[in-house]
Structures are given as structure tokens and as C-alpha cells.
>>> print(open('target.txt').read())   # compact mmCIF, C-alpha atoms
# COMPACT_ATOMS: atom_id res chain seq x y z
CA MET B 77 0.00 0.00 0.00
CA LYS B 78 1.32 3.45 -0.92
CA ILE B 79 1.06 5.91 1.94
CA THR B 80 1.86 9.60 1.67
CA PHE B 81 2.50 11.88 4.63
CA GLN B 82 4.66 14.77 5.67
CA ILE B 83 7.55 13.99 7.96
CA ASN B 84 9.81 16.70 9.37
CA GLY B 85 8.47 19.08 6.76
CA ILE B 86 9.11 16.80 3.79
CA VAL B 87 6.39 14.94 1.89
CA GLN B 88 7.21 11.26 1.65
CA THR B 89 5.47 8.32 0.00
CA VAL B 90 6.25 4.82 1.20
CA ASP B 91 5.12 1.47 -0.15
CA THR B 92 4.60 -0.93 2.71
CA ASP B 93 2.14 -3.23 4.42
CA GLU B 94 -0.58 -0.95 5.77
CA ASN B 95 -0.36 -2.34 9.29
CA THR B 96 3.40 -2.04 9.67
CA PRO B 97 4.09 0.02 12.77
CA LEU B 98 5.06 3.54 11.72
CA LEU B 99 8.19 3.14 13.85
CA TRP B 100 9.64 0.70 11.30
CA VAL B 101 8.66 2.89 8.37
CA ILE B 102 10.52 5.76 10.01
CA ARG B 103 13.60 3.74 10.90
CA ASP B 104 13.92 1.23 8.07
CA LEU B 105 12.32 2.87 5.05
CA LEU B 106 13.11 6.53 5.77
CA ASP B 107 16.38 5.82 7.59
CA LEU B 108 15.61 8.13 10.49
CA LYS B 109 17.23 6.24 13.35
CA GLY B 110 16.59 8.71 16.17
CA THR B 111 13.22 7.13 17.03
CA LYS B 112 13.93 4.01 19.07
CA PHE B 113 12.34 0.62 19.51
CA GLY B 114 12.00 -0.16 23.19
CA CYS B 115 9.20 -2.49 24.22
CA GLY B 116 7.02 -2.70 21.12
CA LYS B 117 3.85 -2.49 23.20
CA ALA B 118 3.40 1.24 23.79
CA ALA B 119 4.67 0.98 27.33
CA CYS B 120 8.15 2.52 27.44
CA GLY B 121 7.78 5.55 25.16
CA ALA B 122 11.17 5.24 23.41
CA CYS B 123 9.35 5.41 20.07
CA THR B 124 7.42 8.62 20.82
CA ILE B 125 6.91 10.92 17.84
CA HIS B 126 4.46 13.73 17.10
CA VAL B 127 1.44 13.25 14.87
CA ASN B 128 -0.02 16.68 14.15
CA GLY B 129 1.74 17.90 17.27
CA GLU B 130 0.41 15.20 19.61
CA ALA B 131 2.71 12.72 21.33
CA VAL B 132 2.14 9.24 19.86
CA ARG B 133 3.82 5.88 20.44
CA SER B 134 4.88 4.92 16.92
CA CYS B 135 5.27 1.20 17.72
CA SER B 136 1.51 1.09 18.17
CA TYR B 137 0.58 3.27 15.22
CA ALA B 138 -0.21 1.52 11.94
CA ALA B 139 1.47 3.06 8.91
CA LYS B 140 -1.88 3.53 7.15
CA LEU B 141 -2.97 5.94 9.88
CA ALA B 142 -0.15 8.29 8.89
CA ALA B 143 -1.69 9.04 5.49
CA GLY B 144 -2.10 12.79 5.14
CA GLN B 145 -0.73 13.49 8.61
CA HIS B 146 2.13 15.73 9.75
CA ILE B 147 4.75 13.60 11.48
CA THR B 148 7.66 14.95 13.49
CA THR B 149 10.55 12.87 14.79
CA ILE B 150 13.48 13.89 16.96
CA GLU B 151 15.38 14.74 13.75
CA GLY B 152 12.76 17.39 12.95
CA LEU B 153 12.43 18.94 16.40
CA ALA B 154 15.07 21.63 15.90
CA ALA B 155 14.39 24.62 13.65
CA GLY B 156 17.32 24.22 11.29
CA GLU B 157 20.48 24.88 13.28
CA GLU B 158 18.55 26.25 16.23
CA LEU B 159 17.94 23.60 18.83
CA HIS B 160 14.49 23.16 20.28
CA PRO B 161 14.34 24.45 23.90
CA VAL B 162 13.98 20.85 25.06
CA GLN B 163 17.16 19.81 23.24
CA GLN B 164 19.00 22.85 24.60
CA ALA B 165 17.89 22.10 28.14
CA TRP B 166 18.86 18.44 27.76
CA LEU B 167 22.37 19.53 26.79
CA GLU B 168 22.66 22.05 29.59
CA GLU B 169 21.51 19.59 32.24
CA ILE B 170 23.62 16.78 30.74
CA VAL B 171 20.61 14.50 31.01
CA PRO B 172 21.45 11.35 29.02
CA GLN B 173 23.41 8.42 30.35
CA CYS B 174 23.22 5.68 27.75
CA GLY B 175 20.88 7.93 25.77
CA TYR B 176 18.72 5.27 24.17
CA CYS B 177 15.38 6.42 25.58
CA GLN B 178 16.08 10.14 25.44
CA PRO B 179 14.54 10.99 22.03
CA GLY B 180 11.22 9.63 23.25
CA PHE B 181 11.43 11.66 26.44
CA MET B 182 12.30 14.81 24.51
CA MET B 183 9.41 14.35 22.07
CA ALA B 184 6.97 13.78 24.92
CA THR B 185 8.32 16.83 26.74
CA ALA B 186 8.07 19.02 23.63
CA ALA B 187 4.41 18.00 23.26
CA LEU B 188 3.79 18.73 26.93
CA LEU B 189 5.26 22.24 26.77
CA GLU B 190 3.01 23.16 23.84
CA LYS B 191 -0.01 22.65 26.09
CA ILE B 192 1.40 23.36 29.54
CA PRO B 193 4.12 26.02 29.17
CA ASN B 194 5.07 25.94 32.86
CA PRO B 195 4.52 22.40 34.08
CA THR B 196 4.62 21.64 37.77
CA ASP B 197 6.25 18.52 39.12
CA GLU B 198 2.77 17.03 39.29
CA ASP B 199 2.18 17.84 35.61
CA ILE B 200 5.47 16.19 34.74
CA ASP B 201 4.57 13.07 36.71
CA ALA B 202 1.17 12.83 35.03
CA ASN B 203 2.38 13.45 31.49
CA ILE B 204 5.88 12.08 31.12
CA VAL B 205 5.59 8.39 31.90
CA ASN B 206 8.33 7.07 29.62
CA VAL B 207 10.83 4.59 31.00
CA CYS B 208 14.58 5.20 31.44
CA ARG B 209 16.58 2.18 32.58
CA CYS B 210 19.49 4.45 33.55
CA ALA B 211 17.06 6.27 35.85
CA THR B 212 17.91 9.75 34.64
CA TYR B 213 14.55 10.95 35.89
CA TYR B 214 16.01 13.48 38.32
CA ARG B 215 18.02 15.26 35.65
CA MET B 216 15.12 15.06 33.22
CA ARG B 217 12.83 16.79 35.67
CA LYS B 218 15.34 19.62 35.99
CA ALA B 219 15.72 19.76 32.22
CA ILE B 220 11.96 19.95 31.68
CA HIS B 221 11.73 22.96 33.97
CA ARG B 222 14.75 24.50 32.22
CA ALA B 223 13.23 23.84 28.80
CA ALA B 224 10.06 25.60 29.90
CA ALA B 225 12.10 28.60 31.00
CA ILE B 226 14.07 28.71 27.74
CA LYS B 227 10.92 28.39 25.67
CA ASN B 228 9.14 31.13 27.57
CA VAL B 229 12.10 33.50 27.18
CA ASN B 230 12.29 32.80 23.44
CA GLN B 231 8.62 33.62 22.92
CA MET V 161 -68.94 11.92 26.76
CA THR V 162 -67.73 15.19 28.32
CA ARG V 163 -67.63 13.46 31.69
CA ASN V 164 -65.47 10.67 30.24
CA ARG V 165 -63.07 13.21 28.73
CA LEU V 166 -62.80 15.03 32.03
CA ALA V 167 -62.08 11.74 33.77
CA THR V 168 -59.38 10.93 31.21
CA VAL V 169 -57.77 14.34 31.64
CA PHE V 170 -57.84 13.91 35.41
CA VAL V 171 -56.17 10.49 35.22
CA LEU V 172 -53.47 11.84 32.90
CA LEU V 173 -52.92 14.81 35.21
CA VAL V 174 -52.51 12.53 38.22
CA MET V 175 -50.07 10.29 36.32
CA THR V 176 -48.04 13.29 35.19
CA LEU V 177 -47.85 14.68 38.69
CA ALA V 178 -46.85 11.28 40.00
CA VAL V 179 -44.02 10.99 37.52
CA PHE V 180 -42.78 14.52 38.21
CA GLY V 181 -43.13 13.91 41.92
CA LEU V 182 -40.97 10.82 41.72
CA ALA V 183 -38.40 12.56 39.59
CA LYS V 184 -38.26 15.50 41.96
CA SER V 185 -37.90 13.28 44.99
CA GLY V 186 -35.08 11.42 43.29
CA LEU V 187 -36.80 8.09 43.68
CA PRO V 188 -36.49 5.81 40.70
CA ALA V 189 -39.61 4.93 38.80
CA ALA V 190 -40.00 1.19 38.41
CA ALA V 191 -41.13 1.53 34.79
CA PRO V 192 -39.87 4.85 33.44
CA PHE V 193 -41.07 4.37 29.91
CA ALA V 194 -44.33 3.14 28.45
CA PRO V 195 -44.16 -0.23 26.74
CA THR V 196 -44.52 -0.34 22.99
CA PRO V 197 -45.93 -3.13 20.81
CA ALA V 198 -42.46 -3.76 19.40
CA ALA V 199 -41.29 -5.57 22.55
CA ASP V 200 -39.34 -8.70 21.60
CA GLN V 201 -40.89 -11.56 23.56
CA SER V 202 -38.21 -14.01 22.41
CA VAL V 203 -35.69 -12.71 24.97
CA ALA V 204 -36.63 -14.37 28.26
CA ASP V 205 -35.05 -11.87 30.64
CA PRO V 206 -33.75 -8.94 28.62
CA PHE V 207 -32.64 -6.89 31.63
CA THR V 208 -30.46 -9.67 33.00
CA THR V 209 -29.06 -10.43 29.57
CA MET V 210 -28.23 -6.78 28.96
CA MET V 211 -26.67 -6.27 32.37
CA LYS V 212 -24.42 -9.33 32.02
CA VAL V 213 -22.72 -7.30 29.32
CA LEU V 214 -22.80 -3.87 30.93
CA THR V 215 -21.25 -5.16 34.16
CA HIS V 216 -18.46 -6.95 32.29
CA GLN V 217 -14.95 -5.51 32.60
CA ARG V 218 -14.87 -4.66 28.86
CA CYS V 219 -17.48 -2.00 29.71
CA VAL V 220 -16.77 -1.08 33.33
CA ASN V 221 -13.02 -0.63 32.86
CA CYS V 222 -13.71 2.62 31.02
CA HIS V 223 -16.59 3.72 33.25
CA PRO V 224 -14.45 4.37 36.37
CA ALA V 225 -15.73 6.13 39.45
CA GLY V 226 -12.56 8.16 39.81
CA ASP V 227 -9.79 9.79 37.81
CA ARG V 228 -8.16 6.59 36.61
CA PRO V 229 -9.42 4.15 34.00
CA MET V 230 -8.92 0.43 34.50
CA GLN V 231 -7.65 -2.31 32.24
CA GLY V 232 -7.33 -6.05 32.03
CA GLU V 233 -9.54 -8.94 33.01
CA ASP V 234 -8.82 -8.12 36.67
CA SER V 235 -9.71 -4.43 36.18
CA HIS V 236 -6.47 -3.12 37.61
CA TYR V 237 -5.76 0.59 37.35
CA HIS V 238 -4.41 1.50 33.92
CA ASN V 239 -0.64 1.20 33.83
CA PHE V 240 1.58 4.29 33.73
CA GLY V 241 -0.73 6.26 36.02
CA VAL V 242 -2.99 7.13 33.09
CA ARG V 243 -5.49 9.84 34.08
CA ARG V 244 -8.95 10.79 32.89
CA GLY V 245 -7.90 14.36 32.05
CA PRO V 246 -10.12 17.41 31.64
CA ASP V 247 -12.11 16.08 28.67
CA ASN V 248 -11.96 12.32 29.38
CA HIS V 249 -9.29 11.84 26.71
CA GLY V 250 -6.21 11.88 28.92
CA VAL V 251 -3.77 14.64 29.79
CA ALA V 252 -1.65 16.98 27.64
CA ALA V 253 1.14 14.66 26.54
CA LEU V 254 -0.50 11.39 27.54
CA GLN V 255 -3.74 11.34 25.60
CA CYS V 256 -5.73 8.17 24.97
CA LEU V 257 -4.65 8.66 21.34
CA SER V 258 -0.98 8.53 22.36
CA CYS V 259 -1.43 4.76 22.32
CA HIS V 260 -5.04 3.86 21.36
CA GLN V 261 -5.96 4.38 17.73
CA ARG V 262 -9.19 3.77 15.81
CA GLU V 263 -8.66 0.01 15.68
CA ASN V 264 -6.87 -2.73 17.61
CA ASN V 265 -3.14 -3.03 17.01
CA ASP V 266 -2.16 -6.69 16.87
CA TYR V 267 1.57 -5.87 16.87
CA SER V 268 1.61 -3.96 20.14
CA GLY V 269 -1.49 -5.55 21.66
CA VAL V 270 -2.94 -2.12 22.30
CA PRO V 271 -6.73 -2.06 21.85
CA GLY V 272 -8.38 0.62 19.78
CA ALA V 273 -11.73 1.76 18.43
CA PRO V 274 -13.26 5.01 17.15
CA GLU V 275 -13.73 7.68 19.84
CA TRP V 276 -11.64 5.79 22.39
CA SER V 277 -12.09 7.60 25.69
CA VAL V 278 -13.05 7.28 29.33
CA ALA V 279 -16.76 7.67 30.03
CA PRO V 280 -17.60 10.97 31.76
CA LEU V 281 -17.62 10.84 35.55
CA SER V 282 -21.42 11.22 35.59
CA MET V 283 -21.54 7.88 33.79
CA ALA V 284 -19.35 6.07 36.32
CA TRP V 285 -20.41 2.45 36.76
CA GLU V 286 -17.52 1.17 38.85
CA GLY V 287 -18.83 -0.11 42.17
CA LEU V 288 -22.51 0.14 41.19
CA SER V 289 -24.97 -2.75 41.15
CA ARG V 290 -26.70 -3.60 37.89
CA VAL V 291 -29.84 -1.85 39.12
CA GLU V 292 -27.88 1.27 40.04
CA ILE V 293 -26.19 1.23 36.63
CA ALA V 294 -29.56 1.01 34.90
CA HIS V 295 -31.00 3.90 36.89
CA SER V 296 -27.94 6.01 36.16
CA MET V 297 -28.09 5.09 32.49
CA LEU V 298 -31.65 6.33 32.21
CA ASN V 299 -31.11 9.46 34.27
CA SER V 300 -30.74 12.34 31.82
CA ALA V 301 -28.70 14.23 34.42
CA ASN V 302 -26.11 11.44 34.23
CA ASN V 303 -26.38 10.15 30.67
CA GLY V 304 -25.57 13.32 28.77
CA GLY V 305 -29.22 14.24 28.25
CA ARG V 306 -29.98 11.15 26.20
CA SER V 307 -33.54 9.97 25.65
CA LEU V 308 -34.31 6.26 25.95
CA ALA V 309 -34.04 5.94 22.16
CA GLU V 310 -30.64 7.61 22.26
CA VAL V 311 -29.50 5.35 25.10
CA VAL V 312 -30.57 2.32 23.07
CA LYS V 313 -28.78 3.66 20.01
CA HIS V 314 -25.59 4.17 22.02
CA LEU V 315 -25.80 0.72 23.58
CA THR V 316 -26.50 -1.11 20.34
CA GLU V 317 -24.74 0.88 17.61
CA HIS V 318 -21.79 2.84 18.98
CA GLU V 319 -18.55 1.39 17.65
CA LEU V 320 -16.75 1.80 20.96
CA VAL V 321 -19.47 -0.18 22.76
CA LEU V 322 -19.51 -2.92 20.13
CA TRP V 323 -15.71 -3.11 20.30
CA ALA V 324 -16.34 -5.29 23.37
CA TRP V 325 -16.93 -8.22 21.00
CA ASN V 326 -13.79 -7.44 19.02
CA PRO V 327 -11.32 -6.56 21.77
CA GLY V 328 -8.23 -7.89 20.01
CA VAL V 329 -5.23 -9.50 21.63
CA ASP V 330 -3.06 -8.35 24.52
CA ALA V 331 0.67 -7.67 24.38
CA ASP V 332 1.33 -11.42 24.64
CA GLY V 333 -0.98 -12.17 21.74
CA VAL V 334 -3.66 -13.63 24.03
CA PRO V 335 -7.22 -12.75 22.95
CA ARG V 336 -9.07 -10.55 25.43
CA GLU V 337 -12.20 -11.91 27.04
CA VAL V 338 -15.45 -10.90 25.40
CA PRO V 339 -18.72 -10.31 27.29
CA PRO V 340 -20.60 -13.47 28.29
CA VAL V 341 -23.48 -12.84 25.87
CA PRO V 342 -23.22 -12.94 22.06
CA LYS V 343 -23.46 -9.51 20.45
CA ALA V 344 -26.70 -10.21 18.55
CA GLU V 345 -28.36 -11.57 21.69
CA TYR V 346 -27.25 -8.52 23.67
CA ILE V 347 -28.57 -6.08 21.06
CA ALA V 348 -31.90 -7.92 20.94
CA ALA V 349 -32.07 -7.83 24.75
CA VAL V 350 -31.44 -4.08 24.94
CA LYS V 351 -34.12 -3.39 22.36
CA ALA V 352 -36.59 -5.77 23.99
CA TRP V 353 -35.99 -4.25 27.41
CA ALA V 354 -36.53 -0.72 26.07
CA ALA V 355 -39.56 -1.69 24.04
CA ALA V 356 -41.16 -3.26 27.12
CA GLY V 357 -40.84 0.01 29.02
CA ALA V 358 -37.25 -0.13 30.26
CA VAL V 359 -38.38 -1.62 33.54
CA ILE V 360 -35.70 -1.80 36.19
CA PRO V 361 -36.22 -4.53 38.79
CA ALA V 362 -36.30 -3.60 42.44
CA GLU V 363 -33.45 -5.84 43.65
>>> encode(input="target.txt", output="C-alpha cells")
Amino acid sequence: MKITFQINGIVQTVDTDENTPLLWVIRDLLDLKGTKFGCGKAACGACTIHVNGEAVRSCSYAAKLAAGQHITTIEGLAAGEELHPVQQAWLEEIVPQCGYCQPGFMMATAALLEKIPNPTDEDIDANIVNVCRCATYYRMRKAIHRAAAIKNVNQ
Amino acid sequence: MTRNRLATVFVLLVMTLAVFGLAKSGLPAAAPFAPTPAADQSVADPFTTMMKVLTHQRCVNCHPAGDRPMQGEDSHYHNFGVRRGPDNHGVAALQCLSCHQRENNDYSGVPGAPEWSVAPLSMAWEGLSRVEIAHSMLNSANNGGRSLAEVVKHLTEHELVLWAWNPGVDADGVPREVPPVPKAEYIAAVKAWAAAGAVIPAE
């Protein structure tokens, strides 16, 4: 099945089984390796992307559903050379350890800040439920608050 | 003739006042709707048949009494601390649609159906008896202002309700349990119950 969608600002058409998880279309057909496979059952959040700005677990999102949608992956989060506030904050707080799960966390955080510009710790707990086996949660919490501050200054 | 008409009007007036009186007092009417000739006599006990479905975890898991939906055959709280959210579709970055799409996903084992959401708090069924669920379901203050016909339509036609008979597989590939009544039998029971006046037993 041919499926056409926009990903990171570029219109792409892929020919694949309609029920293939979008994660594998992104990684294997479009060669965008920033989105990670973690659990494959929408539990860990390593595969989080944006579909029309909403955080979505791409391992549980059939490719056919992407038709006509605007997809953003971690590769498309920055505006050209200018890092997204979440990416900037992640650098400043030196969040990653092994780094594998971090793109998913950053995509979820970016979606959160679009709706809650100044999240409280409670907001963070309720919204960012991804899993990090290195347990970088403490630094991530600091980075989320820093990202909010950066984003608010930039606006 | 005039005397008969006056008597009829008086009887109707008394019935109307009785119904309004019951509604105002908050007491449930035993038979809130008049029976119609279309009642299906082939369903022996339509209320019991219908309620076997509506009290099943496939329905009650998403009609929670609190802020958290449930999941699984044991109706445990939804993993990851999933919340109802302000519009019953989850919170900002953890929407129902973050994981649940318009159909089941057999790769991830995540269930899905159109309009996937938690039922509004006014429609909470968790912890209620079948009689309490029925009264709540027919109470326009709880059911979103639905008439009996609209309740029947929701119960028998809404894709999210009928998903209960097509719940897909879990993350281990194990099929989810379906309600204990076949779909066609359930639909017939709902319609028969409504057509007979939507009588709620006193138990």
C-alpha cells in the first residue's frame, strides 16, 4: 500500500504493508534512526513521535494511519540549526546516560510544553511516563523545567 | 362523553404529577417508559441479559468512578498512572490517542476503536450494582441528556461499545475476554428491554 504523509516538513510516500508500525517505516524505510524501539507495546515511550503535534507511540501506530498526517521525529524537532528548547535544556543539564530512551522523552516533553508552558512537578509526573533504565529521571525533571524557561524567554 | 373526557384528563394529570413527583424526589420509577408493541418476547429476561454485558470488565473498565481508568480482566488501574484528564481523553502529553488508535493493534497488543475515551464521571459504573447502573443510564442528568431511544442507540450501535466483541489481543498475543453474551443476543435484549418500558427490577 502506498502511503503519503509529511515527515519533518518533507512529503514522503512509502510502499509498505498498511499495518506495519510507523516506527519501522521511520527507521527502516526513511532511515531516520533517532526514534527508538524499546518495548514494542506502547509501554516505554522510546518510540514517541508527534502526529499533528500530539505525542504518539509509533510502535503502536499503523502506517496507514499516517496518510495525510504531519509527522515529526526527533530529527525534525530543531528549527534548522537552532535547537528546540527541550534539546537545549537536555544539553545544559547533561541528562542522558546511555541515551537510548532520550529521544522519546524529549518528544513527549516538547508535546507537553506546547499545552502546559510551565509544568509543575505534578504535571510532569502525570504526562511524562516514559521509562529510562538508567534512571535519569532526576536530571530530566530539571531539564523539563529549564526547557520551559528557555521556551518562555524565546517567545 | 364530556364526563369521560374530564375523567381521562384527570387520570393523565394525576399520572403526570406522580411521575414529576418521583423525579423530583429522586426516587427511581420502576417503569420509566411506556411499553410499545415492538417488545421482543423471544428474549426471556432482557434486563439480566443486557446487564451481564454492561457489568463486564470490557465495559466497566472505562466507566471508572474516579480519575483513573482500569484495564485487564482483573480491572487493575491502567498502567503508567494514566489519568482521565479534563475532557476524558487523557492529559496533555498522555492522551488516549498517544497509544489507542481507531482500531486494535495486533503488533503492540494495544486495543483501539473510534472515539476511544473514558466515560464521563457522571456515567461512572464502577462499584454500582446492575440496578444502580440502569437507573444512572436512564437518568438524563447522568447520561448526557440522552432519551431512551438515544441510550438504546448508544448501547447497540456505537462502535466503541460494540468493540467489546472485538477486543483484540493483549501484548502477549492472548485474545481478550469478550462479554458473556453474544453480540446479537445482547442487542436484541437491549431493544426488547426498552420496548417493554425499560423496567428496572427492584433488587
>>> atom_distance(input="target.txt", atom1="CA of Ala331 in chain V", atom2="CA of Gly116 in chain B")
8.7 Å
>>> closest_atom_pairs(input="target.txt", of="chain B", to="chain V", cutoff="10 Å", atoms="only C-alpha atoms", output="tab-separated table")
residue	atom	partner	partner_atom	distance
B:Asn95	CA	V:Asn265	CA	8.2
B:Thr96	CA	V:Tyr267	CA	8.4
B:Pro97	CA	V:Tyr267	CA	7.6
B:Cys115	CA	V:Ser268	CA	8.7
B:Gly116	CA	V:Ser268	CA	5.6
B:Lys117	CA	V:Ser268	CA	4.1
B:Ala118	CA	V:Cys259	CA	6.2
B:Ala119	CA	V:Phe240	CA	7.8
B:Cys120	CA	V:Phe240	CA	9.3
B:Gly121	CA	V:Ser258	CA	9.7
B:Thr124	CA	V:Ser258	CA	8.5
B:Ile125	CA	V:Ser258	CA	9.4
B:His126	CA	V:Ser258	CA	9.2
B:Val127	CA	V:Ser258	CA	9.2
B:Gly129	CA	V:Ala253	CA	9.8
B:Glu130	CA	V:Ala253	CA	7.0
B:Ala131	CA	V:Ser258	CA	5.7
B:Val132	CA	V:Ser258	CA	4.1
B:Arg133	CA	V:Cys259	CA	5.7
B:Ser134	CA	V:Cys259	CA	8.3
B:Cys135	CA	V:Ser268	CA	6.8
B:Ser136	CA	V:Ser268	CA	5.4
B:Tyr137	CA	V:Gln261	CA	7.1
B:Ala138	CA	V:Asn265	CA	7.4
B:Leu141	CA	V:Gln261	CA	8.5
B:Met183	CA	V:Ala253	CA	9.4
B:Ala184	CA	V:Ala253	CA	6.1
B:Thr185	CA	V:Ala253	CA	7.5
B:Ala186	CA	V:Ala253	CA	8.7
B:Ala187	CA	V:Ala253	CA	5.7
B:Leu188	CA	V:Ala253	CA	4.9
B:Leu189	CA	V:Ala253	CA	8.6
B:Glu190	CA	V:Ala252	CA	8.6
B:Lys191	CA	V:Ala252	CA	6.1
B:Ile192	CA	V:Ala252	CA	7.3
B:Asp199	CA	V:Ala252	CA	8.9
B:Ile200	CA	V:Ala253	CA	9.4
B:Asp201	CA	V:Gly241	CA	8.7
B:Ala202	CA	V:Gly241	CA	6.9
B:Asn203	CA	V:Ala253	CA	5.2
B:Ile204	CA	V:Ala253	CA	7.1
B:Val205	CA	V:Phe240	CA	6.0
B:Asn206	CA	V:Phe240	CA	8.4
B:Val207	CA	V:Phe240	CA	9.6
>>> residues_around(input="target.txt", residues="range 278-285 of chain V", least_positions_apart="4", cutoff="6 Å", atoms="only C-alpha atoms", output="PyMOL selection string")
chain V and resi 222-225+248+293+302
>>> atom_distance(input="target.txt", atom1="CA of Leu322 in chain V", atom2="CA of Met297 in chain V")
17.0 Å
>>> closest_residue(input="target.txt", among="V:Arg336, V:Ala354, V:Lys343, V:Ser300", to="Lys313 in chain V", atoms="only C-alpha atoms")
V:Ala354
>>> residues_around(input="target.txt", residues="Val90 in chain B", least_positions_apart="5", cutoff="7 Å", atoms="only C-alpha atoms", output="list in words")
Lys78, Ile79 and Thr80 of chain B
